[in-house]
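Novice: Below you'll find the structure I mean.
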Amino acid sequence: MQTLMITIGVAVGVAVIVFVTALIQGLQNNVIDRTLGTQAHIRLLMPDQRNIKAPLPTATFELLQEDKRAQRLRSIDNWQRLITALGARTDLTAVSPVVSGPALALRGEAVESVALVGINLERYQAIVPLSEYITSGQLRLGADDALIGSLLAEDLGVRVGSKIRLDTGQATSRVVTIAGIFELGVRELDERYVYMDLKQAQPLLDLVGGVTVIDLKVEDIFTAETIAQQVGRMTSLKAESWIATNSQLMNALSAQSLSTNMISFFVGISVAFGIASVLSVSVVQRTREIGILRATGGTQGQILRIFLLQGALFGLFGSVFGIAVAYLLVGAFNTFGPGLFYIPIPPTLVIIALGLATVTGVLAAATPARRAARLDPVEAIRYV
């Protein structure tokens with residue numbers, strides 16, 4: 001009965017650990033996917049322009065009030081060569097040149113301030129999969145085509161096939177046809193973004209042949225800051241990673257991971273004490289049997305291994321049942337839950353849970369096993 005109870009206890013502990021860990025990982029993956037689904041992992045931009053002061057004579061005392069220099073749209077120097085060099089890096093999976101700047105979208109008496117974004121559609125698709133966000137129309141950027149956000153379309157009162165005028169204040173305005181309407185799920189983007197072909201947007205922003213941003217995508221998203229620093233030093237450009245621009249999100253994810261680890265730790269401790277207590281009682285109840293084994297030639301090492309094996313089996317069998325229960329809980333959540341996100345159970349999590357439960361069982365059995373191995377055979381046989 002005790003064996004059954006401790007196996008159930010281990011199963012419950014492992015089920016809690018696996019389910020909570022999978023739940024938090026699923027939530028984090030969903031948040032990261034929603035955040036990074038509409039932005040690049042790393043953005044390269046021209047450094048801010050700064051005021052240059054003439055050198056002063058030695059030992060000169062200076063009182064200075066300086067206004068920050070106004071920034072203007074500037075193209076990245078030799079961006080074609082940079083695209084080629086960055087594309088050769090194995091830690092980058094996509095490189096996309098972008099030209100962007102402010103503009104006004106006009107239709108009749110309706111005027112909206114927008115962000116005009118010129119892209120190479122094929123390259124940009126590898127950064128932000130626009131095809132997944134198109135709600136009406138087609139993913140097409142021809143000579144006079146544009147893609148606009150769903151909220152912007154509502155504000156302007158337009159639909160697919162309608163025409164709007166884009167005025168950047170830099171050159172002549174241009175009339176474009178709305179080829180598609182997208183919904184990225186971010187209000188600021190859906191009410192401001194207008195996508196055009198790169199070569200069509202460059203003249204509108206008075207940057208013929210130029211780009212203002214190079215978007216990068218990395219293999220491992222959590223190495224983005226390190227890679228951004230490396231790329232920044234290599235190109236002498238300002239490199240911004242999603243980690244730096246979403247610091248509050250990273251703090252929240254770190255807090256979630258810490259709380260999950262603490263829950264797993266304390267559940268594991270409780271499971272270990274349960275196994276240790278059962279085996280300690282088992283040593284007391286089977287003292288005579290242990291004495292007989294020692295008297296008939298059983299060595300201390302053999303007795304020690306018996307109890308360690310028993311602890312390992314508690315952990316192993318309990319974890320198997322616990323993982324099965326965790327799969328049922330996850331399946332129920334994915335089927336009958338709120339449907340906000342999907343919880344996967346990574347195979348590595350299953351393997352780690354099995355391994356940790358087995359090791360915990362062995363460690364929990366160490367003290368009772370040593371006590372059993374040190375029993376004196378004569379005293380043990382006389383024990384009543």
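Within each chain, counting starts at residue 1; across the structure tokens, chains are named A, B, ... in the order shown, with ligands numbered 1 upward in that order.
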Assign secondary structure with DSSP using the backbone only, and return the residues of segment 91-136 of chain A in strand (DSSP E or B) as a PyMOL selection string.
Specialist: chain A and resi 92-107+110-119+134-136
Novice: Set the distance at 8 Å and use only C-alpha atoms: which residues neighbour segment 92-108 of chain A once local chain neighbours fewer than 4 positions away are removed? I'd like the list as an MDAnalysis selection string.
Specialist: chainID A and resid 73 79 83 86:87 112:120 123:124 126:127 156 163:169 198 201:202 205 210:219
Novice: Save the residues we just selected, N, CA, C and O atoms, as a short mmCIF file (atom, residue, chain, number, x, y, z; two decimals), in the first residue's frame?
Specialist:
data_model
loop_
_atom_site.label_atom_id
_atom_site.label_comp_id
_atom_site.auth_asym_id
_atom_site.auth_seq_id
_atom_site.Cartn_x
_atom_site.Cartn_y
_atom_site.Cartn_z
N LEU A 73 16.10 61.90 -42.65
CA LEU A 73 16.21 60.60 -43.30
C LEU A 73 17.54 60.51 -44.04
O LEU A 73 17.87 61.38 -44.85
N TRP A 79 24.90 50.01 -48.71
CA TRP A 79 24.02 48.99 -48.14
C TRP A 79 23.97 47.72 -48.96
O TRP A 79 23.74 46.62 -48.41
N ILE A 83 24.42 44.03 -47.35
CA ILE A 83 23.44 42.95 -47.51
C ILE A 83 24.16 41.65 -47.88
O ILE A 83 23.86 40.58 -47.33
N LEU A 86 26.26 40.43 -44.78
CA LEU A 86 25.40 39.91 -43.71
C LEU A 86 24.74 38.60 -44.13
O LEU A 86 24.53 37.71 -43.30
N GLY A 87 24.41 38.46 -45.41
CA GLY A 87 23.79 37.23 -45.89
C GLY A 87 24.72 36.04 -45.79
O GLY A 87 24.26 34.89 -45.79
N GLU A 112 -4.69 61.13 -43.05
CA GLU A 112 -4.12 60.36 -41.95
C GLU A 112 -2.60 60.37 -42.04
O GLU A 112 -2.03 60.27 -43.13
N SER A 113 -1.96 60.52 -40.89
CA SER A 113 -0.51 60.42 -40.82
C SER A 113 -0.12 58.94 -40.81
O SER A 113 -0.64 58.15 -40.00
N VAL A 114 0.79 58.55 -41.71
CA VAL A 114 1.14 57.14 -41.85
C VAL A 114 2.66 56.98 -41.87
O VAL A 114 3.41 57.96 -41.99
N ALA A 115 3.09 55.75 -41.74
CA ALA A 115 4.49 55.39 -41.90
C ALA A 115 4.62 54.63 -43.22
O ALA A 115 4.07 53.53 -43.36
N LEU A 116 5.31 55.22 -44.17
CA LEU A 116 5.50 54.60 -45.47
C LEU A 116 6.71 53.66 -45.38
O LEU A 116 7.80 54.09 -45.00
N VAL A 117 6.51 52.40 -45.73
CA VAL A 117 7.56 51.39 -45.62
C VAL A 117 7.77 50.77 -47.00
O VAL A 117 6.88 50.09 -47.52
N GLY A 118 8.93 50.98 -47.57
CA GLY A 118 9.28 50.38 -48.85
C GLY A 118 10.08 49.12 -48.64
O GLY A 118 11.09 49.13 -47.92
N ILE A 119 9.65 48.03 -49.24
CA ILE A 119 10.28 46.72 -48.98
C ILE A 119 10.51 45.96 -50.27
O ILE A 119 9.85 46.20 -51.29
N ASN A 120 11.47 45.04 -50.20
CA ASN A 120 11.61 44.00 -51.20
C ASN A 120 10.75 42.84 -50.70
O ASN A 120 11.10 42.19 -49.70
N ARG A 123 12.28 39.34 -49.82
CA ARG A 123 13.18 39.35 -48.66
C ARG A 123 12.41 39.64 -47.36
O ARG A 123 12.65 39.02 -46.32
N TYR A 124 11.48 40.58 -47.44
CA TYR A 124 10.76 40.99 -46.23
C TYR A 124 9.85 39.89 -45.71
O TYR A 124 9.60 39.79 -44.50
N ALA A 126 10.56 36.89 -45.39
CA ALA A 126 11.35 36.04 -44.50
C ALA A 126 11.49 36.67 -43.11
O ALA A 126 11.80 35.98 -42.14
N ILE A 127 11.25 37.98 -43.00
CA ILE A 127 11.32 38.68 -41.72
C ILE A 127 9.94 38.71 -41.06
O ILE A 127 9.75 38.27 -39.93
N LEU A 156 -9.79 55.73 -43.40
CA LEU A 156 -9.85 56.40 -44.71
C LEU A 156 -11.12 56.04 -45.48
O LEU A 156 -11.44 56.67 -46.49
N LYS A 163 -8.27 53.91 -54.32
CA LYS A 163 -7.04 54.66 -54.55
C LYS A 163 -6.87 55.71 -53.46
O LYS A 163 -7.84 56.33 -53.01
N ILE A 164 -5.64 55.91 -53.04
CA ILE A 164 -5.31 56.95 -52.08
C ILE A 164 -4.08 57.70 -52.57
O ILE A 164 -3.31 57.18 -53.39
N ARG A 165 -3.92 58.90 -52.09
CA ARG A 165 -2.75 59.70 -52.45
C ARG A 165 -1.78 59.72 -51.27
O ARG A 165 -2.18 59.95 -50.13
N LEU A 166 -0.49 59.47 -51.57
CA LEU A 166 0.56 59.51 -50.55
C LEU A 166 1.43 60.73 -50.79
O LEU A 166 1.95 60.93 -51.88
N ASP A 167 1.57 61.54 -49.76
CA ASP A 167 2.36 62.76 -49.84
C ASP A 167 3.38 62.75 -48.72
O ASP A 167 3.02 62.75 -47.53
N THR A 168 4.67 62.74 -49.08
CA THR A 168 5.74 62.70 -48.07
C THR A 168 6.32 64.07 -47.78
O THR A 168 7.09 64.22 -46.84
N GLY A 169 5.98 65.07 -48.60
CA GLY A 169 6.56 66.39 -48.41
C GLY A 169 7.98 66.48 -48.90
O GLY A 169 8.60 67.54 -48.83
N LEU A 198 10.00 48.62 -52.72
CA LEU A 198 11.17 49.40 -52.34
C LEU A 198 11.51 50.47 -53.37
O LEU A 198 11.71 51.65 -53.03
N ALA A 201 9.00 53.34 -53.34
CA ALA A 201 8.98 54.19 -52.15
C ALA A 201 10.20 55.10 -52.07
O ALA A 201 10.12 56.20 -51.50
N GLN A 202 11.31 54.68 -52.64
CA GLN A 202 12.54 55.48 -52.55
C GLN A 202 12.39 56.89 -53.12
O GLN A 202 12.76 57.86 -52.44
N LEU A 205 10.37 59.26 -50.83
CA LEU A 205 11.06 59.71 -49.62
C LEU A 205 12.34 60.47 -49.96
O LEU A 205 13.15 60.75 -49.07
N GLY A 210 18.43 54.39 -52.08
CA GLY A 210 18.87 54.27 -50.70
C GLY A 210 17.91 53.49 -49.83
O GLY A 210 16.75 53.29 -50.18
N VAL A 211 18.41 53.06 -48.67
CA VAL A 211 17.58 52.40 -47.66
C VAL A 211 17.91 53.00 -46.30
O VAL A 211 19.03 53.46 -46.06
N THR A 212 16.96 53.02 -45.41
CA THR A 212 17.16 53.60 -44.08
C THR A 212 17.35 52.54 -43.00
O THR A 212 17.85 52.86 -41.91
N VAL A 213 16.92 51.32 -43.27
CA VAL A 213 16.98 50.25 -42.27
C VAL A 213 17.35 48.95 -42.96
O VAL A 213 16.94 48.71 -44.10
N ILE A 214 18.11 48.12 -42.26
CA ILE A 214 18.34 46.75 -42.69
C ILE A 214 17.81 45.83 -41.60
O ILE A 214 18.30 45.87 -40.46
N ASP A 215 16.78 45.07 -41.92
CA ASP A 215 16.17 44.15 -40.95
C ASP A 215 16.87 42.80 -41.01
O ASP A 215 17.17 42.29 -42.10
N LEU A 216 17.10 42.22 -39.83
CA LEU A 216 17.78 40.93 -39.73
C LEU A 216 16.94 39.96 -38.91
O LEU A 216 16.23 40.36 -37.98
N LYS A 217 17.05 38.70 -39.25
CA LYS A 217 16.41 37.63 -38.48
C LYS A 217 17.47 36.61 -38.10
O LYS A 217 18.30 36.23 -38.92
N VAL A 218 17.45 36.17 -36.83
CA VAL A 218 18.48 35.26 -36.33
C VAL A 218 17.89 33.88 -36.11
O VAL A 218 16.68 33.70 -36.02
N GLU A 219 18.79 32.89 -36.01
CA GLU A 219 18.37 31.51 -35.80
C GLU A 219 17.82 31.32 -34.39
O GLU A 219 16.75 30.76 -34.19
#
Novice: Neighbouring residues of segment 176-181 of chain A were defined as those with any atom within 6 Å, considering only C-alpha atoms; residues of the same chain fewer than 4 positions away were excluded. Please report them as an MDAnalysis selection string.
Specialist: chainID A and resid 134:138 144:150 160:164
Novice: So that I have them on file, write out the residues from the current selection with N, CA and C atoms, as a PDB file, in the first residue's frame.
Specialist:
ATOM      1  N   ILE A 134      -2.766  38.953 -44.304  1.00  0.00           N
ATOM      2  CA  ILE A 134      -3.655  39.579 -45.278  1.00  0.00           C
ATOM      3  C   ILE A 134      -5.099  39.142 -45.008  1.00  0.00           C
ATOM      4  N   THR A 135      -5.985  40.103 -44.794  1.00  0.00           N
ATOM      5  CA  THR A 135      -7.389  39.803 -44.513  1.00  0.00           C
ATOM      6  C   THR A 135      -8.270  39.956 -45.746  1.00  0.00           C
ATOM      7  N   SER A 136      -7.843  40.766 -46.696  1.00  0.00           N
ATOM      8  CA  SER A 136      -8.580  40.904 -47.956  1.00  0.00           C
ATOM      9  C   SER A 136      -7.617  41.383 -49.032  1.00  0.00           C
ATOM     10  N   GLY A 137      -7.949  41.060 -50.266  1.00  0.00           N
ATOM     11  CA  GLY A 137      -7.077  41.432 -51.371  1.00  0.00           C
ATOM     12  C   GLY A 137      -5.943  40.437 -51.561  1.00  0.00           C
ATOM     13  N   GLN A 138      -4.864  40.882 -52.173  1.00  0.00           N
ATOM     14  CA  GLN A 138      -3.730  40.012 -52.490  1.00  0.00           C
ATOM     15  C   GLN A 138      -2.441  40.598 -51.935  1.00  0.00           C
ATOM     16  N   ASP A 144       2.167  50.472 -58.854  1.00  0.00           N
ATOM     17  CA  ASP A 144       1.246  51.426 -58.219  1.00  0.00           C
ATOM     18  C   ASP A 144       0.430  50.773 -57.114  1.00  0.00           C
ATOM     19  N   ASP A 145       0.968  49.718 -56.506  1.00  0.00           N
ATOM     20  CA  ASP A 145       0.238  48.987 -55.477  1.00  0.00           C
ATOM     21  C   ASP A 145       0.711  49.389 -54.087  1.00  0.00           C
ATOM     22  N   ALA A 146      -0.159  49.180 -53.111  1.00  0.00           N
ATOM     23  CA  ALA A 146       0.180  49.424 -51.712  1.00  0.00           C
ATOM     24  C   ALA A 146      -0.630  48.469 -50.845  1.00  0.00           C
ATOM     25  N   LEU A 147      -0.065  48.119 -49.709  1.00  0.00           N
ATOM     26  CA  LEU A 147      -0.761  47.342 -48.687  1.00  0.00           C
ATOM     27  C   LEU A 147      -0.948  48.234 -47.478  1.00  0.00           C
ATOM     28  N   ILE A 148      -2.152  48.266 -46.918  1.00  0.00           N
ATOM     29  CA  ILE A 148      -2.407  49.123 -45.767  1.00  0.00           C
ATOM     30  C   ILE A 148      -3.046  48.317 -44.645  1.00  0.00           C
ATOM     31  N   GLY A 149      -2.940  48.851 -43.410  1.00  0.00           N
ATOM     32  CA  GLY A 149      -3.520  48.195 -42.249  1.00  0.00           C
ATOM     33  C   GLY A 149      -5.030  48.312 -42.212  1.00  0.00           C
ATOM     34  N   SER A 150      -5.656  47.375 -41.498  1.00  0.00           N
ATOM     35  CA  SER A 150      -7.123  47.324 -41.452  1.00  0.00           C
ATOM     36  C   SER A 150      -7.705  48.566 -40.778  1.00  0.00           C
ATOM     37  N   VAL A 160     -10.176  47.190 -50.850  1.00  0.00           N
ATOM     38  CA  VAL A 160      -9.296  46.720 -51.919  1.00  0.00           C
ATOM     39  C   VAL A 160      -9.762  47.280 -53.258  1.00  0.00           C
ATOM     40  N   GLY A 161      -8.816  47.837 -53.996  1.00  0.00           N
ATOM     41  CA  GLY A 161      -9.130  48.453 -55.280  1.00  0.00           C
ATOM     42  C   GLY A 161      -9.294  49.948 -55.209  1.00  0.00           C
ATOM     43  N   SER A 162      -9.475  50.507 -53.995  1.00  0.00           N
ATOM     44  CA  SER A 162      -9.599  51.957 -53.847  1.00  0.00           C
ATOM     45  C   SER A 162      -8.246  52.617 -54.064  1.00  0.00           C
ATOM     46  N   LYS A 163      -8.272  53.910 -54.317  1.00  0.00           N
ATOM     47  CA  LYS A 163      -7.039  54.660 -54.547  1.00  0.00           C
ATOM     48  C   LYS A 163      -6.873  55.709 -53.464  1.00  0.00           C
ATOM     49  N   ILE A 164      -5.641  55.906 -53.042  1.00  0.00           N
ATOM     50  CA  ILE A 164      -5.310  56.947 -52.076  1.00  0.00           C
ATOM     51  C   ILE A 164      -4.080  57.700 -52.575  1.00  0.00           C
TER      52      ILE A 164
END
Novice: Out of segment 198-381 of chain A, which residues get helix (DSSP H, G or I) from DSSP, as a PyMOL selection string?
Specialist: chain A and resi 198-204+221-235+242-245+247-285+287-295+300-336+347-373+377-381
Novice: List the neighbours of segment 33-37 of chain A out to 10 Å using only C-alpha atoms; skip same-chain residues closer than 3 positions along the sequence, and give me the result as a VMD selection string.
Specialist: chain A and resid 27 to 30 40 to 41 127 to 130 132 to 133 184 to 186 217 221 242 246 249
Novice: What's the 8 Å shell around Ser241 of chain A, counting only C-alpha atoms, without same-chain residues fewer than 5 positions away, as a PyMOL selection string?
Specialist: chain A and resi 41-43+224-225+228
Novice: Between atom CA of Ala332 of chain A and atom CA of Thr21 of chain A, what is the spacing in Å?
Specialist: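 Here the two named atoms are 15.8 Å from each other.
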Novice: Between atom CA of Phe266 of chain A and atom CA of Met250 of chain A, measure the distance and give it in Å to one decimal.
Specialist: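 Between atom CA of Phe266 of chain A and atom CA of Met250 of chain A the gap works out to 24.5 Å.
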Novice: Applying 12 Å and only C-alpha atoms, which residues near Val267 of chain A remain after dropping the ones on its own chain fewer than 4 positions away? List them as a short mmCIF file (atom, residue, chain, number, x, y, z; two decimals) with C-alpha atoms, in the first residue's frame.
Specialist:
data_model
loop_
_atom_site.label_atom_id
_atom_site.label_comp_id
_atom_site.auth_asym_id
_atom_site.auth_seq_id
_atom_site.Cartn_x
_atom_site.Cartn_y
_atom_site.Cartn_z
CA GLY A 9 2.72 10.88 -5.07
CA VAL A 10 5.62 10.85 -7.52
CA ALA A 11 3.18 10.72 -10.44
CA VAL A 12 1.26 13.75 -9.14
CA GLY A 13 4.49 15.69 -8.60
CA VAL A 14 5.83 14.92 -12.07
CA ALA A 15 2.45 15.70 -13.65
CA VAL A 16 2.40 19.11 -11.94
CA ILE A 17 5.97 19.88 -13.01
CA VAL A 18 5.45 18.83 -16.65
CA VAL A 20 3.11 23.82 -15.39
CA THR A 260 8.25 27.94 -12.79
CA ASN A 261 11.67 26.76 -11.64
CA MET A 262 10.79 27.48 -8.01
CA ILE A 263 7.54 25.51 -8.29
CA VAL A 271 8.58 14.07 -3.80
CA ALA A 272 12.09 13.31 -2.51
CA PHE A 273 10.97 13.50 1.12
CA GLY A 274 8.06 11.21 0.34
CA LEU A 356 15.20 14.05 -12.81
CA ALA A 357 12.53 11.88 -11.18
CA THR A 360 15.60 12.22 -7.24
#
Novice: Using only C-alpha atoms, which of A:Ser319, A:Thr348, A:Ser280, A:Thr223 sits nearest Ala244 of chain A?
Specialist: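 Closest residue, counting only C-alpha atoms: A:Thr223.
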Novice: Could you check which of A:Leu121, A:Val330, A:Val231, A:Leu237 is closest to Asp91 of chain A, using only C-alpha atoms?
Specialist: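 Ranked by minimum distance to Asp91 of chain A, first place goes to A:Val231.
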Novice: Could you jot down the atom CA of Arg374 of chain A to atom CA of Gln300 of chain A separation for me, Å, one decimal place?
Specialist: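 Calculated distance between atom CA of Arg374 of chain A and atom CA of Gln300 of chain A is 6.8 Å.
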Novice: Smallest atom-to-atom distance to Arg305 of chain A: which of A:Pro368, A:Val208, A:Asn78, A:Gln256, using only C-alpha atoms?
Specialist: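 Under the stated criterion, the closest residue is A:Pro368.
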